[in-house]
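Structure data follow from upload25.csv (CSV, C-alpha atoms (C1' of nucleotides)):
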```
chain,number,residue,atom,x,y,z
C,1,MET,CA,27.5,-134.0,-39.0
C,2,ILE,CA,29.6,-132.1,-41.5
C,3,PRO,CA,29.8,-133.7,-44.9
C,4,ALA,CA,33.1,-133.8,-46.7
C,5,VAL,CA,33.1,-134.4,-50.5
C,6,THR,CA,36.3,-135.9,-51.8
C,7,GLY,CA,37.5,-138.2,-54.5
C,8,PRO,CA,40.0,-138.3,-57.3
C,9,THR,CA,40.4,-135.3,-59.6
C,10,GLY,CA,37.9,-135.4,-62.3
C,11,ALA,CA,35.2,-137.3,-60.4
C,12,GLY,CA,33.1,-134.1,-60.1
C,13,LYS,CA,33.6,-133.0,-56.5
C,14,THR,CA,33.0,-129.3,-57.3
C,15,SER,CA,29.6,-129.7,-58.9
C,16,VAL,CA,28.4,-132.3,-56.4
C,17,ALA,CA,29.4,-130.0,-53.5
C,18,ALA,CA,27.6,-127.1,-55.2
C,19,ALA,CA,24.5,-129.2,-55.7
C,20,LEU,CA,24.7,-130.3,-52.1
C,21,ALA,CA,25.0,-126.7,-50.9
C,22,GLU,CA,22.0,-125.8,-52.9
C,23,ILE,CA,19.7,-128.4,-51.4
C,24,THR,CA,21.0,-128.1,-47.9
C,25,ASN,CA,21.5,-124.3,-47.7
C,26,GLY,CA,25.2,-124.8,-47.3
C,27,ALA,CA,28.5,-123.1,-47.7
C,28,ILE,CA,31.6,-124.7,-49.1
C,29,ILE,CA,35.0,-124.9,-47.5
C,30,ASN,CA,37.7,-125.8,-50.0
C,31,ALA,CA,40.0,-128.6,-49.0
C,32,ASP,CA,42.2,-128.6,-52.0
C,33,SER,CA,45.8,-127.7,-51.5
C,34,GLN,CA,46.2,-125.9,-54.8
C,35,SER,CA,43.0,-124.0,-55.1
C,36,VAL,CA,44.0,-121.8,-52.2
C,37,TYR,CA,46.3,-119.9,-54.4
C,38,LYS,CA,45.4,-116.7,-56.2
C,39,TYR,CA,45.7,-116.5,-60.0
C,40,PHE,CA,46.1,-120.2,-60.4
C,41,ASN,CA,42.6,-120.9,-61.8
C,42,ILE,CA,42.4,-123.0,-64.9
C,43,GLY,CA,44.9,-125.7,-63.9
C,44,THR,CA,43.5,-126.1,-60.4
C,45,SER,CA,39.9,-126.4,-61.6
C,46,LYS,CA,38.7,-123.9,-59.0
C,47,PRO,CA,35.0,-123.5,-58.6
C,48,PRO,CA,34.0,-121.0,-61.3
C,49,ALA,CA,33.3,-117.3,-60.3
C,50,ALA,CA,29.6,-117.7,-61.1
C,51,MET,CA,29.3,-120.5,-58.6
C,52,ARG,CA,31.1,-118.5,-56.0
C,53,LYS,CA,28.6,-115.7,-56.4
C,54,THR,CA,25.7,-117.9,-55.4
C,55,ILE,CA,27.4,-120.2,-52.9
C,56,THR,CA,29.8,-118.9,-50.4
C,57,HIS,CA,33.2,-120.5,-50.6
C,58,TYR,CA,35.9,-120.4,-48.0
C,59,LEU,CA,39.6,-121.0,-48.3
C,60,VAL,CA,39.7,-120.5,-52.0
C,61,ASP,CA,41.8,-118.1,-54.0
C,62,PHE,CA,43.3,-116.2,-51.1
C,63,ILE,CA,47.0,-117.1,-50.7
C,64,ASN,CA,49.7,-115.4,-52.7
C,65,PRO,CA,51.5,-117.8,-54.9
C,66,GLY,CA,54.8,-117.4,-53.2
C,67,GLU,CA,53.5,-118.2,-49.8
C,68,GLN,CA,53.3,-121.5,-48.0
C,69,PHE,CA,50.1,-123.1,-47.0
C,70,SER,CA,49.9,-126.3,-45.1
C,71,ALA,CA,47.7,-128.8,-43.4
C,72,GLY,CA,47.8,-126.9,-40.2
C,73,ASP,CA,46.8,-123.6,-41.9
C,74,PHE,CA,44.0,-125.5,-43.4
C,75,VAL,CA,42.7,-126.9,-40.2
C,76,LEU,CA,42.8,-123.5,-38.5
C,77,GLY,CA,41.1,-121.8,-41.4
C,78,ALA,CA,38.5,-124.5,-41.8
C,79,ARG,CA,37.6,-124.4,-38.1
C,80,ARG,CA,37.1,-120.7,-38.3
C,81,ALA,CA,35.0,-121.1,-41.4
C,82,ILE,CA,32.8,-123.8,-39.8
C,83,LYS,CA,32.0,-121.5,-36.9
C,84,LYS,CA,31.1,-118.7,-39.1
C,85,ILE,CA,29.0,-120.8,-41.4
C,86,ARG,CA,27.1,-122.3,-38.5
C,87,LYS,CA,26.5,-118.8,-37.0
C,88,ASN,CA,24.8,-117.9,-40.3
C,89,GLY,CA,22.6,-120.9,-39.9
C,90,LYS,CA,24.1,-122.8,-42.8
C,91,LEU,CA,25.6,-126.2,-43.3
C,92,PRO,CA,29.4,-126.3,-43.7
C,93,ILE,CA,30.4,-128.6,-46.6
C,94,ILE,CA,34.1,-129.6,-47.0
C,95,CYS,CA,35.1,-130.2,-50.6
C,96,GLY,CA,38.4,-131.0,-52.0
C,97,GLY,CA,40.9,-133.7,-53.0
C,98,THR,CA,43.6,-133.2,-50.5
C,99,GLY,CA,43.3,-136.2,-48.2
C,100,LEU,CA,45.7,-135.0,-45.6
C,101,TYR,CA,43.8,-131.8,-45.1
C,102,ILE,CA,40.5,-133.6,-44.6
C,103,SER,CA,42.1,-136.2,-42.3
C,104,ALA,CA,43.8,-133.5,-40.3
C,105,LEU,CA,40.6,-131.7,-39.8
C,106,LYS,CA,38.7,-134.9,-38.9
C,107,ASP,CA,41.3,-136.6,-36.7
C,108,GLY,CA,43.1,-133.6,-35.3
C,109,ILE,CA,46.6,-132.3,-35.7
C,110,SER,CA,49.4,-131.1,-33.4
C,111,PRO,CA,49.9,-127.3,-33.5
C,112,ILE,CA,53.5,-127.3,-34.4
C,113,PRO,CA,53.9,-124.9,-37.3
C,114,ALA,CA,56.5,-125.0,-40.0
C,115,SER,CA,59.5,-122.7,-39.8
C,116,SER,CA,61.2,-121.8,-43.0
C,117,GLU,CA,64.2,-120.5,-41.0
C,118,ILE,CA,64.7,-123.8,-39.2
C,119,ARG,CA,63.9,-125.7,-42.3
C,120,ASP,CA,66.7,-123.9,-44.2
C,121,LYS,CA,69.2,-124.8,-41.5
C,122,ILE,CA,68.2,-128.4,-41.5
C,123,ALA,CA,68.4,-128.5,-45.2
C,124,LYS,CA,72.1,-127.7,-44.9
C,125,MET,CA,72.8,-130.9,-43.0
C,126,THR,CA,73.2,-134.1,-45.0
C,127,THR,CA,70.5,-136.7,-44.6
C,128,ALA,CA,73.0,-138.9,-42.8
C,129,VAL,CA,73.7,-136.2,-40.2
C,130,GLN,CA,70.0,-135.5,-39.9
C,131,LEU,CA,69.3,-139.2,-39.2
C,132,GLU,CA,72.2,-139.3,-36.6
C,133,THR,CA,70.7,-136.3,-34.8
C,134,LEU,CA,67.3,-137.8,-34.8
C,135,LYS,CA,68.6,-141.0,-33.5
C,136,LYS,CA,70.0,-139.2,-30.5
C,137,THR,CA,67.0,-137.0,-29.8
C,138,ASP,CA,64.2,-139.4,-30.4
C,139,PRO,CA,65.1,-143.1,-30.8
C,140,GLU,CA,61.4,-144.0,-31.0
C,141,MET,CA,60.8,-141.7,-33.9
C,142,TYR,CA,64.1,-142.9,-35.5
C,143,ALA,CA,62.9,-146.4,-35.4
C,144,SER,CA,59.6,-145.8,-37.1
C,145,ILE,CA,60.5,-143.1,-39.6
C,146,ASP,CA,61.0,-143.7,-43.3
C,147,LYS,CA,64.7,-143.1,-43.4
C,148,ARG,CA,64.8,-142.8,-47.1
C,149,ASN,CA,62.3,-140.0,-47.2
C,150,PRO,CA,64.2,-136.7,-46.6
C,151,ARG,CA,61.1,-134.7,-46.0
C,152,ARG,CA,60.0,-136.9,-43.2
C,153,VAL,CA,63.3,-136.8,-41.5
C,154,ALA,CA,63.6,-133.1,-41.9
C,155,ARG,CA,60.2,-132.4,-40.4
C,156,ALA,CA,61.0,-134.6,-37.4
C,157,LEU,CA,64.0,-132.6,-36.7
C,158,GLU,CA,62.1,-129.4,-37.3
C,159,ILE,CA,59.6,-130.4,-34.6
C,160,PHE,CA,62.5,-131.0,-32.3
C,161,ARG,CA,64.1,-127.6,-33.0
C,162,ILE,CA,60.9,-125.7,-32.5
C,163,THR,CA,59.6,-127.4,-29.4
C,164,GLY,CA,62.8,-128.7,-27.8
C,165,LEU,CA,61.0,-132.0,-27.3
C,166,PRO,CA,61.4,-135.3,-28.9
C,167,PRO,CA,59.0,-135.3,-31.9
C,168,THR,CA,57.0,-138.3,-30.6
C,169,LYS,CA,56.2,-136.3,-27.4
C,170,ALA,CA,55.8,-133.0,-29.1
C,171,LEU,CA,53.2,-134.3,-31.5
C,172,LYS,CA,51.0,-135.4,-28.6
C,173,LYS,CA,51.1,-132.0,-26.8
C,174,ASN,CA,48.4,-129.4,-27.3
C,175,PHE,CA,46.8,-131.5,-29.9
C,176,ILE,CA,44.0,-129.8,-31.8
C,177,GLU,CA,41.1,-132.1,-31.6
C,178,GLY,CA,39.3,-133.3,-34.7
C,179,ILE,CA,35.9,-132.4,-35.8
C,180,PRO,CA,33.4,-135.1,-36.7
C,181,LEU,CA,33.2,-135.4,-40.4
C,182,LYS,CA,31.3,-137.7,-42.7
C,183,VAL,CA,33.6,-138.3,-45.7
C,184,PHE,CA,32.0,-139.1,-49.0
C,185,PHE,CA,34.4,-140.5,-51.6
C,186,LEU,CA,33.2,-140.0,-55.2
C,187,SER,CA,34.4,-143.0,-57.2
C,188,MET,CA,34.3,-144.3,-60.7
C,189,PRO,CA,36.2,-147.0,-62.7
C,190,ARG,CA,39.8,-146.2,-63.4
C,191,THR,CA,39.6,-146.3,-67.2
C,192,GLU,CA,36.6,-144.0,-67.2
C,193,LEU,CA,38.3,-141.7,-64.8
C,194,TYR,CA,41.5,-141.5,-66.8
C,195,ARG,CA,39.4,-140.8,-69.9
C,196,LYS,CA,37.7,-137.9,-68.1
C,197,ILE,CA,41.0,-136.6,-66.8
C,198,ASP,CA,42.5,-136.6,-70.3
C,199,GLU,CA,39.5,-134.8,-71.6
C,200,ARG,CA,39.7,-132.2,-68.9
C,201,VAL,CA,43.4,-131.5,-69.6
C,202,GLU,CA,42.5,-130.8,-73.2
C,203,GLN,CA,39.8,-128.4,-72.0
C,204,MET,CA,42.3,-126.6,-69.7
C,205,LEU,CA,44.5,-126.0,-72.7
C,206,GLU,CA,41.6,-124.8,-74.8
C,207,LYS,CA,40.6,-122.4,-72.0
C,208,GLY,CA,44.1,-120.9,-72.1
C,209,LEU,CA,46.2,-122.5,-69.5
C,210,VAL,CA,49.4,-121.4,-71.3
C,211,ARG,CA,48.1,-117.8,-71.4
C,212,GLU,CA,47.3,-118.0,-67.7
C,213,VAL,CA,50.8,-119.2,-66.8
C,214,ARG,CA,52.3,-116.3,-68.9
C,215,ARG,CA,50.1,-113.8,-67.1
C,216,ILE,CA,51.1,-115.2,-63.7
C,217,LEU,CA,54.8,-114.8,-64.7
C,218,GLU,CA,54.2,-111.3,-65.9
C,219,LYS,CA,52.7,-110.5,-62.5
C,220,GLY,CA,56.2,-111.3,-61.1
C,221,VAL,CA,55.5,-114.6,-59.5
C,222,ALA,CA,58.7,-116.5,-59.4
C,223,PRO,CA,58.8,-119.8,-61.3
C,224,GLY,CA,60.0,-121.4,-58.1
C,225,ALA,CA,56.9,-120.3,-56.1
C,226,SER,CA,55.3,-123.2,-54.3
C,227,ALA,CA,52.1,-122.8,-56.3
C,228,PHE,CA,54.0,-123.6,-59.5
C,229,SER,CA,54.8,-127.0,-58.2
C,230,SER,CA,51.3,-128.2,-58.9
C,231,ILE,CA,50.4,-130.4,-61.9
C,232,GLY,CA,49.7,-128.5,-65.0
C,233,TYR,CA,51.8,-125.5,-64.1
C,234,LYS,CA,55.1,-127.1,-63.8
C,235,GLU,CA,54.8,-128.7,-67.2
C,236,ILE,CA,53.5,-125.6,-68.9
C,237,LEU,CA,56.4,-123.7,-67.4
C,238,GLU,CA,58.8,-126.2,-69.1
C,239,HIS,CA,57.0,-125.6,-72.4
C,240,ILE,CA,57.3,-121.8,-72.1
C,241,LYS,CA,61.0,-122.2,-71.4
C,242,GLY,CA,61.1,-124.1,-74.7
C,243,ASN,CA,62.2,-127.4,-73.3
C,244,VAL,CA,59.1,-129.4,-74.4
C,245,SER,CA,56.4,-129.1,-77.0
C,246,LEU,CA,52.9,-128.3,-76.0
C,247,ARG,CA,52.0,-131.8,-76.9
C,248,GLU,CA,54.6,-133.4,-74.7
C,249,ALA,CA,53.5,-131.1,-71.9
C,250,SER,CA,49.9,-132.1,-72.2
C,251,GLU,CA,50.8,-135.8,-72.2
C,252,LYS,CA,52.9,-135.3,-69.1
C,253,ILE,CA,50.0,-133.4,-67.4
C,254,LYS,CA,47.6,-136.2,-68.2
C,255,PHE,CA,49.9,-138.9,-66.8
C,256,ARG,CA,50.8,-137.0,-63.7
C,257,THR,CA,47.1,-136.4,-63.1
C,258,HIS,CA,46.4,-140.1,-63.3
C,259,LEU,CA,49.0,-140.6,-60.6
C,260,LEU,CA,47.4,-138.0,-58.5
C,261,ALA,CA,44.0,-139.6,-58.9
C,262,ARG,CA,45.4,-142.9,-57.8
C,263,LYS,CA,47.0,-141.4,-54.7
C,264,GLN,CA,43.8,-139.8,-53.8
C,265,GLU,CA,42.1,-143.2,-54.0
C,266,ILE,CA,44.8,-144.9,-52.0
C,267,TRP,CA,44.5,-142.3,-49.2
C,268,TRP,CA,40.9,-143.2,-48.4
C,269,ARG,CA,41.1,-146.9,-49.1
C,270,LYS,CA,41.9,-147.9,-45.6
C,271,LYS,CA,40.1,-145.0,-43.9
C,272,ARG,CA,36.5,-144.5,-43.1
C,273,ALA,CA,34.7,-143.0,-46.0
C,274,VAL,CA,31.4,-143.7,-47.7
C,275,LYS,CA,32.1,-144.6,-51.3
C,276,ILE,CA,29.7,-143.2,-53.8
C,277,ASN,CA,29.7,-144.5,-57.3
C,278,VAL,CA,29.2,-141.6,-59.6
C,279,LEU,CA,29.4,-143.1,-63.0
C,280,GLY,CA,26.4,-142.0,-65.1
C,281,LYS,CA,24.8,-140.0,-62.3
C,282,ASN,CA,24.3,-136.2,-62.3
C,283,PRO,CA,25.4,-134.0,-59.5
C,284,MET,CA,21.9,-133.5,-58.2
C,285,ALA,CA,21.3,-137.2,-57.9
C,286,ILE,CA,24.6,-137.7,-56.2
C,287,SER,CA,24.0,-135.0,-53.7
C,288,ALA,CA,20.6,-136.3,-53.0
C,289,GLU,CA,22.2,-139.6,-52.2
C,290,ILE,CA,24.6,-137.9,-49.8
C,291,VAL,CA,21.8,-136.0,-48.0
C,292,LYS,CA,20.0,-139.3,-47.5
C,293,ILE,CA,23.0,-140.9,-45.9
C,294,LEU,CA,23.7,-137.9,-43.8
C,295,TYR,CA,20.1,-137.7,-42.6
C,296,ASN,CA,19.9,-141.5,-41.9
C,297,ASN,CA,23.0,-141.4,-39.9
C,298,GLU,CA,21.8,-138.6,-37.7
C,299,LEU,CA,18.7,-140.6,-36.9
C,300,SER,CA,20.3,-143.9,-36.2
C,301,SER,CA,23.4,-144.0,-34.0
C,302,GLY,CA,24.7,-147.0,-35.8
C,303,GLU,CA,27.7,-146.3,-38.0
C,304,LYS,CA,27.1,-147.6,-41.5
C,305,GLN,CA,30.3,-146.8,-43.3
C,306,GLU,CA,31.6,-148.7,-46.2
C,307,ASP,CA,35.1,-149.4,-47.0
C,308,ILE,CA,36.4,-148.2,-50.3
S,1,G,C1',66.3,-151.2,-109.4
S,2,G,C1',70.9,-149.4,-106.4
S,3,A,C1',73.4,-147.4,-101.6
S,4,C,C1',73.3,-146.9,-96.6
S,5,A,C1',70.8,-147.1,-91.7
S,6,G,C1',67.9,-150.0,-88.7
S,7,G,C1',64.2,-153.9,-86.7
S,8,U,C1',65.0,-155.3,-78.6
S,9,G,C1',59.8,-156.5,-73.5
S,10,G,C1',52.9,-152.0,-73.6
S,11,G,C1',56.0,-147.3,-75.6
S,12,A,C1',60.9,-144.8,-76.0
S,13,G,C1',65.7,-146.7,-75.7
S,14,A,C1',70.7,-149.1,-73.9
S,15,G,C1',73.1,-153.5,-74.7
S,16,U,C1',77.6,-156.1,-79.8
S,17,G,C1',79.6,-163.8,-77.6
S,18,G,C1',78.6,-166.0,-71.3
S,19,U,C1',77.9,-162.5,-64.8
S,20,U,C1',71.1,-160.6,-69.6
S,21,A,C1',64.4,-161.9,-68.2
S,22,A,C1',67.8,-158.1,-70.7
S,23,A,C1',70.3,-150.9,-68.1
S,24,U,C1',67.4,-146.5,-68.0
S,25,C,C1',63.0,-143.6,-68.7
S,26,C,C1',57.7,-143.5,-69.5
S,27,A,C1',53.2,-145.9,-69.0
S,28,G,C1',50.6,-149.4,-65.7
S,29,C,C1',49.8,-151.6,-60.8
S,30,A,C1',50.3,-151.9,-55.2
S,31,G,C1',51.6,-149.0,-51.0
S,32,A,C1',53.7,-145.4,-47.0
S,33,C,C1',52.8,-140.8,-45.2
S,34,U,C1',49.8,-135.8,-38.9
S,35,G,C1',52.1,-128.8,-41.1
S,36,U,C1',55.8,-128.5,-48.7
S,37,A,C1',50.7,-133.6,-49.6
S,38,A,C1',48.9,-131.8,-57.0
S,39,A,C1',54.6,-132.7,-52.2
S,40,U,C1',58.0,-136.5,-50.6
S,41,C,C1',59.2,-141.7,-50.3
S,42,U,C1',58.7,-147.3,-51.2
S,43,G,C1',57.6,-152.0,-53.8
S,44,C,C1',56.0,-154.8,-58.3
S,45,C,C1',56.2,-154.8,-63.5
S,46,G,C1',57.5,-161.6,-69.8
S,47,U,C1',55.0,-165.9,-68.1
S,48,C,C1',54.0,-170.3,-64.8
S,49,C,C1',54.6,-172.7,-60.0
S,50,A,C1',56.6,-170.9,-55.7
S,51,U,C1',59.1,-169.3,-49.1
S,52,C,C1',64.3,-169.0,-50.3
S,53,G,C1',63.9,-170.6,-55.2
S,54,G,C1',62.8,-173.1,-59.7
S,55,G,C1',60.5,-174.0,-64.7
S,56,C,C1',59.2,-172.1,-69.5
S,57,U,C1',59.2,-168.6,-73.5
S,58,A,C1',61.8,-164.2,-75.3
S,59,C,C1',65.5,-159.4,-78.6
S,60,G,C1',61.7,-159.3,-87.1
S,61,G,C1',61.8,-164.7,-89.6
S,62,U,C1',64.4,-169.2,-90.9
S,63,G,C1',68.8,-171.8,-90.9
S,64,G,C1',74.0,-171.8,-89.4
S,65,U,C1',78.8,-171.0,-86.4
S,66,U,C1',79.9,-172.0,-81.1
S,67,C,C1',80.4,-175.6,-75.1
S,68,G,C1',77.3,-170.9,-75.1
S,69,A,C1',74.1,-165.8,-79.5
S,70,A,C1',69.9,-160.2,-78.6
S,71,U,C1',75.0,-160.0,-79.7
S,72,C,C1',78.9,-163.5,-85.2
S,73,C,C1',77.5,-165.6,-90.5
S,74,A,C1',73.8,-166.6,-94.6
S,75,C,C1',69.3,-165.9,-96.8
S,76,C,C1',64.4,-163.9,-96.3
S,77,C,C1',60.7,-160.3,-94.6
S,78,C,C1',59.7,-155.3,-92.9
S,79,U,C1',60.9,-149.9,-91.9
S,80,G,C1',63.6,-145.2,-92.7
S,81,U,C1',66.9,-142.0,-95.5
S,82,C,C1',69.4,-141.1,-99.9
S,83,C,C1',70.6,-142.3,-105.3
S,84,A,C1',68.2,-143.7,-109.8
```
Please express the file's structure as structure tokens.
Amino acid sequence: MIPAVTGPTGAGKTSVAAALAEITNGAIINADSQSVYKYFNIGTSKPPAAMRKTITHYLVDFINPGEQFSAGDFVLGARRAIKKIRKNGKLPIICGGTGLYISALKDGISPIPASSEIRDKIAKMTTAVQLETLKKTDPEMYASIDKRNPRRVARALEIFRITGLPPTKALKKNFIEGIPLKVFFLSMPRTELYRKIDERVEQMLEKGLVREVRRILEKGVAPGASAFSSIGYKEILEHIKGNVSLREASEKIKFRTHLLARKQEIWWRKKRAVKINVLGKNPMAISAEIVKILYNNELSSGEKQEDI
RNA sequence: GGACAGGUGGGAGAGUGGUUAAAUCCAGCAGACUGUAAAUCUGCCGUCCAUCGGGCUACGGUGGUUCGAAUCCACCCCUGUCCA
């Protein structure tokens, strides 16, 4: 089975996946929604260049900052990468913190793409009108949808416009089946995790996050580019504009990263994942633990997955 | 020593007699979420019991005015700025 290493930011996914790749002769497929972007290196904690020389990485550092990348793109790309890695006789390892991406790969996804053209049109309607339209086209979806969440509502309508079918039906059509994945969730106590996150944010600044943002802007990347919406970049942008001090920006980055970490935990709390406590353990020990579980599970058919 | 300004819940910060357990923001906590997901959205957030709801303690301290005070008065303590 394919292992997927996930967990909150700062838990050490990158080094664990690297260690795992070393002992299993594996290649890594990135499942982090921000690390796909080019030039955004420090703030996204991409796997370092040296690591990428010895271990093959897929879906990292290959999208232009202005372009959109989505769960569907990830699934398609990951499936291709898995095939290729297997052909080379290696073990594919998924690594990243974007729960939706990993879940989509594992459980499948419907192949309805995003259309910025349609999205723009829908955006011109008020939410009330959007809801009205949805109510008429798909009462079932209307009943279950979070009506206060504009993105949900807009996407439902988008699906309708693209397929001409009620979203509930469209989502079941031509479904891209999932791939069996064994999800390993690296975990550590909150207080410890928050401490590590804060430390890491300081390190990012020392490494020159501000400089990186300046360079990206000099390249002509628009401040509104989707890659700039990620934690660390948004705040530094504000600092460069002169709206906040560097200190304020770094505080904000820390707090927003805490929130992110919590969201990442919540995502897997009720889903099947093997929780691995990483506090005080080194990457090699952790990856050895993962190998052991992977190997045991392949021998015994019984599922022994813990809840988080 | 003198003159102002101010002390509000974990933090910032509204509130100048009742509808205020006290706006708002931040932090914290609990969630939703199948193509923007590091996004978007929701709930809780003094304390105790509790289903609606109810009790208790709260706006530096102590006393007072009042049917009623975070809000008015007196004194005291502390903080900031300015003058000596």
Counting all atoms listed in the file, which residues have an atom no more than 12 Å from (58.1, -142.1, -72.8) in the file's coordinates? Please list them as number ranges by chain. C: 248-249, 251-252, 255; S: 10-13, 24-27
Those selected residues, please, written with C-alpha atoms (C1' of nucleotides) and delivered as a JSON list (two decimals), in the coordinates of the input.
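Contents of the output file again_39.json:
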```json
[["chain", "number", "residue", "atom", "x", "y", "z"],
["C", 248, "GLU", "CA", 54.60, -133.40, -74.70],
["C", 249, "ALA", "CA", 53.50, -131.10, -71.90],
["C", 251, "GLU", "CA", 50.80, -135.80, -72.20],
["C", 252, "LYS", "CA", 52.90, -135.30, -69.10],
["C", 255, "PHE", "CA", 49.90, -138.90, -66.80],
["S", 10, "G", "C1'", 52.90, -152.00, -73.60],
["S", 11, "G", "C1'", 56.00, -147.30, -75.60],
["S", 12, "A", "C1'", 60.90, -144.80, -76.00],
["S", 13, "G", "C1'", 65.70, -146.70, -75.70],
["S", 24, "U", "C1'", 67.40, -146.50, -68.00],
["S", 25, "C", "C1'", 63.00, -143.60, -68.70],
["S", 26, "C", "C1'", 57.70, -143.50, -69.50],
["S", 27, "A", "C1'", 53.20, -145.90, -69.00]]
```
Sort by chain and increasing residue number a table of all residues of chain S within 7 Å of chain C, each with its closest pair of atoms and their distance in Å to one decimal, counting all atoms listed in the file, and write it as JSON lines.
```
{"residue": "S:U34", "atom": "C1'", "partner": "C:Ile109", "partner_atom": "CA", "distance": 5.7}
{"residue": "S:G35", "atom": "C1'", "partner": "C:Gly72", "partner_atom": "CA", "distance": 4.8}
{"residue": "S:A37", "atom": "C1'", "partner": "C:Leu100", "partner_atom": "CA", "distance": 6.6}
{"residue": "S:A38", "atom": "C1'", "partner": "C:Ser230", "partner_atom": "CA", "distance": 4.7}
{"residue": "S:U40", "atom": "C1'", "partner": "C:Arg151", "partner_atom": "CA", "distance": 5.8}
{"residue": "S:C41", "atom": "C1'", "partner": "C:Asn149", "partner_atom": "CA", "distance": 4.7}
```
Neighbouring residues of Asp120 (chain C) were defined as those with any atom within 10 Å, considering all atoms listed in the file; residues of the same chain fewer than 4 positions away were excluded. Please report them as a PyMOL selection string. chain C and resi 115-116+124-125+154+158
Select all residues near (50.8, -113.8, -58.2) (cut-off 7 Å, inclusive, file coordinates), counting all atoms listed in the file, and output them as a list of chain:residue names.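 Within 7 Å of (50.8, -113.8, -58.2), the protein and nucleic acid residues are C:Lys38, C:Tyr39, C:Asn64, C:Pro65, C:Ile216, C:Lys219, C:Gly220, C:Val221.
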CA of Ile290 (chain C) to CA of Leu20 (chain C) measures 7.9 Å
Just want the 12 Å neighbourhood of G63 (chain S), counted on only C-alpha atoms (C1' of nucleotides), with same-chain residues fewer than 5 positions away dropped. Output as a list in words.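 Listing them by chain and then by number gives C73, A74, C75 and C76 of chain S.
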Region 42-57 of chain S surroundings by all atoms listed in the file, 10 Å radius, close-in-sequence under 2 positions cut, as a list in words: Asp146, Arg148 and Asn149 of chain C; G9, A21, G28, C29, A30, G31 and A32 of chain S
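Closest to Met188 (chain C) among C:Glu265, C:Glu289, C:Asp61, C:Glu238 is C:Glu265, based on only C-alpha atoms.
Non-sequential neighbours of A3 (chain S) (distance at most 12 Å, separation of 2 or more positions within a chain, only C-alpha atoms (C1' of nucleotides)) are G1, A5, U81, C82, C83 and A84 of chain S.
Note that the spacing between CA of Gly280 (chain C) and CA of Lys46 (chain C) amounts to 22.7 Å.
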Ala27 (chain C): which residues within 12 Å, counting all atoms listed in the file, same-chain residues fewer than 4 positions away excluded, as a ChimeraX atom specification? /C:2-4,17-23,51-59,78,81-95
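Between CA of Asn277 (chain C) and CA of Ser187 (chain C) the separation is 4.9 Å.
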